[in-house]
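Okay, so here's the structure we're looking at.
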2 protein chains.
Amino acid sequence: MSLSIHDIAILGVGTSKKFGEQFDKGVDDLLFEAGFEAIDDAGIKPEQIEAGWVGIAYPFTGLSGAAMADPLKIYDIPITHVENYCCSGMDAFRNACLAVASGMYDMVMACGVEKITDQGGRGLPGLNVGHTVLMRGITAPSAFGLAFARHNREFGLTKEDLAHVAVKNHYNGAAHPRAHFRREVTLEQVMKAPIISGPLGLLDCCPISDGAAAVVVTRKDIAKKYRDDFVMVRALGLSVYTNQLPFDPEFDYLAWRPTVKAAEMAYQQAGIENPLQEIDLAECHDCFTITEILNIEDLGFCKKGEGGKFVREGRANIDGDVAINPSGGLKCFGHPIGATGCRMIWEVTRQLQGRAEGRQREGAKIGLAHNLGGLGGVVCGVTILSSDDKHK
Amino acid sequence: MSLSIHDIAILGVGTSKKFGEQFDKGVDDLLFEAGFEAIDDAGIKPEQIEAGWVGIAYPFTGLSGAAMADPLKIYDIPITHVENYCCSGMDAFRNACLAVASGMYDMVMACGVEKITDQGGRGLPGLNVGHTVLMRGITAPSAFGLAFARHNREFGLTKEDLAHVAVKNHYNGAAHPRAHFRREVTLEQVMKAPIISGPLGLLDCCPISDGAAAVVVTRKDIAKKYRDDFVMVRALGLSVYTNQLPFDPEFDYLAWRPTVKAAEMAYQQAGIENPLQEIDLAECHDCFTITEILNIEDLGFCKKGEGGKFVREGRANIDGDVAINPSGGLKCFGHPIGATGCRMIWEVTRQLQGRAEGRQREGAKIGLAHNLGGLGGVVCGVTILSSDDKHK
């Protein structure tokens, strides 16, 4: 049988019961919830899973595939731990799809998990120490703050443009029963929030969350036996650039090269020529409000410099030209680092099936998930999914 | 085109110039040496590499595919960082092979690197803290020491049996220009070495080394255009068990379940019915001398309980029934954790090409690499390679 990634189907998806601060739960609990929800959603038994990939970005001891095997009690199969900064979850999914396309396995699971709100030196503080050395003092808010300054100078982007992103994403996320924050915010609240790294205020920043997500991956011919509304893989783009990105003399802070390159790959694989016309919704990596604006441009939904206007005019709303972050995004839904990529796949899958738990994009046929990782954005994954397997 | 893992070929291999304490070199230097040696050996240009997988077990900051992209200056392609304890390198290779078999990429690189002799709290000491919690006080030497005790009671294995493993592997490694230790040891030296965890003495333990290894992977039809002596992939077994292995009530310390399961997978994939008759050489994970004896049994080269006798009688020698660790193994060649799996692939490849740098197994046609990871051995990879693509 001749296979390619276009024969790969998503059979089931799941997440932890909620995202956010979960001091009463460990990594195993979160992965247990997500993994078995995906297994139940797929209508399979755990022992049908032939291989696994698990994305975790912050090592809590040393890490291996046992981090997935133990909570799910799935033993004696190959399981790979994938780590690619904040893009770990999406890369776990990508490797899972490639493995099924290789013909080696029929039914596999990709998942991601992060438990960082109470890890002390092993969590974000640990990151800050490591990355402060690596990044020569630049932190995530300051790197993206610099991007705003440059965008403002070149194209006149304003702090109010940023605030519209937060308002939109909280509007979407407030309706989602699993979101970290389940409340809307006003333009005034965002504008007046305490400054973290000028001009980015508290409500321009995504939270750090505990959570997990899981995806059951198989071939189309097998998926057909289980359900009618399986979702097809159209593209698996991923691009890595340098850890020295913020210090690259060619880097102008206006476009994120890994996003541009991963999107090129993905559009080519999926045969998409006009993203804005062809794609109905996109979960994109809004770790900061400015990041979403850059991503909207880098993904080709509008011209460079017009991202702020695109959001301000409502074109990224749930009923706009393309729904950007219908889940609420990292900004409102939360950001458990290694889980986020799979969480995006989960949301896009359910949107394409017409069973979004929060705000549903009506008639969604093609969805995109964009996952950015590394301080400065060194790694980017762009996955395109389709509800219609006949789509080119 | 219909592909499977049996269409996958190794086109080029390389390692760092040496293995051992390399205080004057960083991770980037080691990966640079290994990566470009593999690229040169393959006869390709760096820009032909379409995707990468890099195995690193100890995070030196946060880790991503950029750890491979930066030293090799290969940008704008997907690169996955794989972490699976000491089995990280072999799992990087496995994922690389699956990806080529998926048809998504034609030419990729798998590599592994570790730089741990001077990492302080980030290196082995960090491991010890983490694993002391995870393993409730059991360390690697003590876990394998317990295995000796049980083996001794059940089958009468002696400390002198262990010493024969060290003597054999140092005999092999002493001839290898890249080995960490380039000297032979006598039975008396091994027997009288200071005790680390009874009965395991200093010369029963492998060292911790700095080093890197890299493998260029492609399809057979492409490999043919570059060289005649490419090596074919016959099997990619990998099996994960529980982090609680040493506390599993069913675990008798006599057989390592992940090795047994991964070997079953691999022999089935390769169509091997009698490992001892069909396999010419095996690089196997001799982190301790007792581990090699257990592995020889678990891989099916002899019956359970006869591993000591097998080595003592010279059947594992370079000219024995099956050459076990012709390179000198972890014991003598060294053990840069994340690199070891790819280093084994490198050695087996060169043995099958008749260009081993140390001791050559004459007429080698089929080779096996066995990589064990996790304290207690939670993850195991078994890869089988063949010089003869017509072999079943």
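Each chain in the structure tokens gets a letter, A, B, ..., in the order shown, and its residues are numbered from 1; ligands are numbered from 1 in order too.
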Subject >> Residue list for chain A near chain B as an MDAnalysis selection string, 8 Å, only C-alpha atoms >> reply: chainID A and resid 1:5 57:58 60:67 69:70 75:85 91 95 98:104 127 130:131 134 237:243 258 261:262 374 378:379
Original post:
When DSSP works through the backbone of this structure, what residues of stretch 62-303 of chain A end up as strand (DSSP E or B), shown as a ChimeraX atom specification?
Top reply: /A:77,79-84,86,107-114,195-197,200-201,205,210-219,231-240,281-284,288
**OP:** Fewer than 5 positions away in the same chain doesn't count, so skip those; otherwise give me all residues within 10 Å of stretch 363-369 of chain A, counting only C-alpha atoms, as an MDAnalysis selection string.
**Re:** chainID A and resid 90 231:232 234:236 263 266 275 278:285 299 322:325 341:354 381:389 391
**OP:** Excluding B:Ala166 and any residue of its chain fewer than 6 positions from it, enumerate the residues within 8 Å of it, using only C-alpha atoms, and give them as a PyMOL selection string.
**Re:** chain B and resi 185+190+203-204+289+331
Original post:
What is the distance, in Å and to one decimal place, between atom CA of A:Leu330 and atom CA of A:Gly43?
Top reply: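 These atoms are spaced 28.9 Å apart.
Among A:Ala339, A:Ile8, A:Leu372, A:Val27, the residue with the shortest atom-to-atom distance to A:Ala214, counting only C-alpha atoms, is A:Ala339.
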**OP:** Using only C-alpha atoms, find the one residue out of A:Asp161, A:Glu188, A:Asp321, A:Glu357 that sits nearest to A:Gly305.
**Re:**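 Residue with the minimum atom-to-atom distance to A:Gly305: A:Asp161.
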**OP:** With a distance cut-off of 7 Å and only C-alpha atoms, select the neighbouring residues of A:Glu184, excluding the residue or stretch itself and same-chain residues fewer than 3 positions from it, and output the selection as a PyMOL selection string.
**Re:** chain A and resi 167+170-171+174
Just C-alpha atoms for this one: save the residues we selected as a PDB file, in the first residue's frame.
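Output below, filename result19.pdb:
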```pdb
ATOM      1  CA  VAL A 167     -10.616  41.437  23.797  1.00  0.00           C
ATOM      2  CA  HIS A 170     -11.179  36.548  25.808  1.00  0.00           C
ATOM      3  CA  TYR A 171     -14.570  36.887  24.111  1.00  0.00           C
ATOM      4  CA  ALA A 174     -15.058  33.023  27.896  1.00  0.00           C
TER       5      ALA A 174
END
```
Subject >> Within 10 Å of A:Lys17 using only C-alpha atoms, minus same-chain residues under 5 positions, as a list in words >> reply: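 Returned residues: Leu30, Glu33, Ala34, Glu37, Pro177, Arg178, Ala179, Gly211, Ala212 and Ala213 of chain A.
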Would you export the selected residues with C-alpha atoms as a JSON list (two decimals), in the first residue's frame, please?
```json
[["chain", "number", "residue", "atom", "x", "y", "z"],
["A", 30, "LEU", "CA", -3.39, 15.40, 33.42],
["A", 33, "GLU", "CA", -7.47, 12.60, 31.59],
["A", 34, "ALA", "CA", -6.43, 13.69, 28.11],
["A", 37, "GLU", "CA", -10.67, 11.05, 26.58],
["A", 177, "PRO", "CA", -15.77, 25.36, 29.39],
["A", 178, "ARG", "CA", -12.11, 24.23, 29.52],
["A", 179, "ALA", "CA", -10.38, 27.61, 29.16],
["A", 211, "GLY", "CA", -2.86, 20.90, 31.14],
["A", 212, "ALA", "CA", -2.63, 18.05, 28.65],
["A", 213, "ALA", "CA", -4.01, 17.10, 25.24]]
```
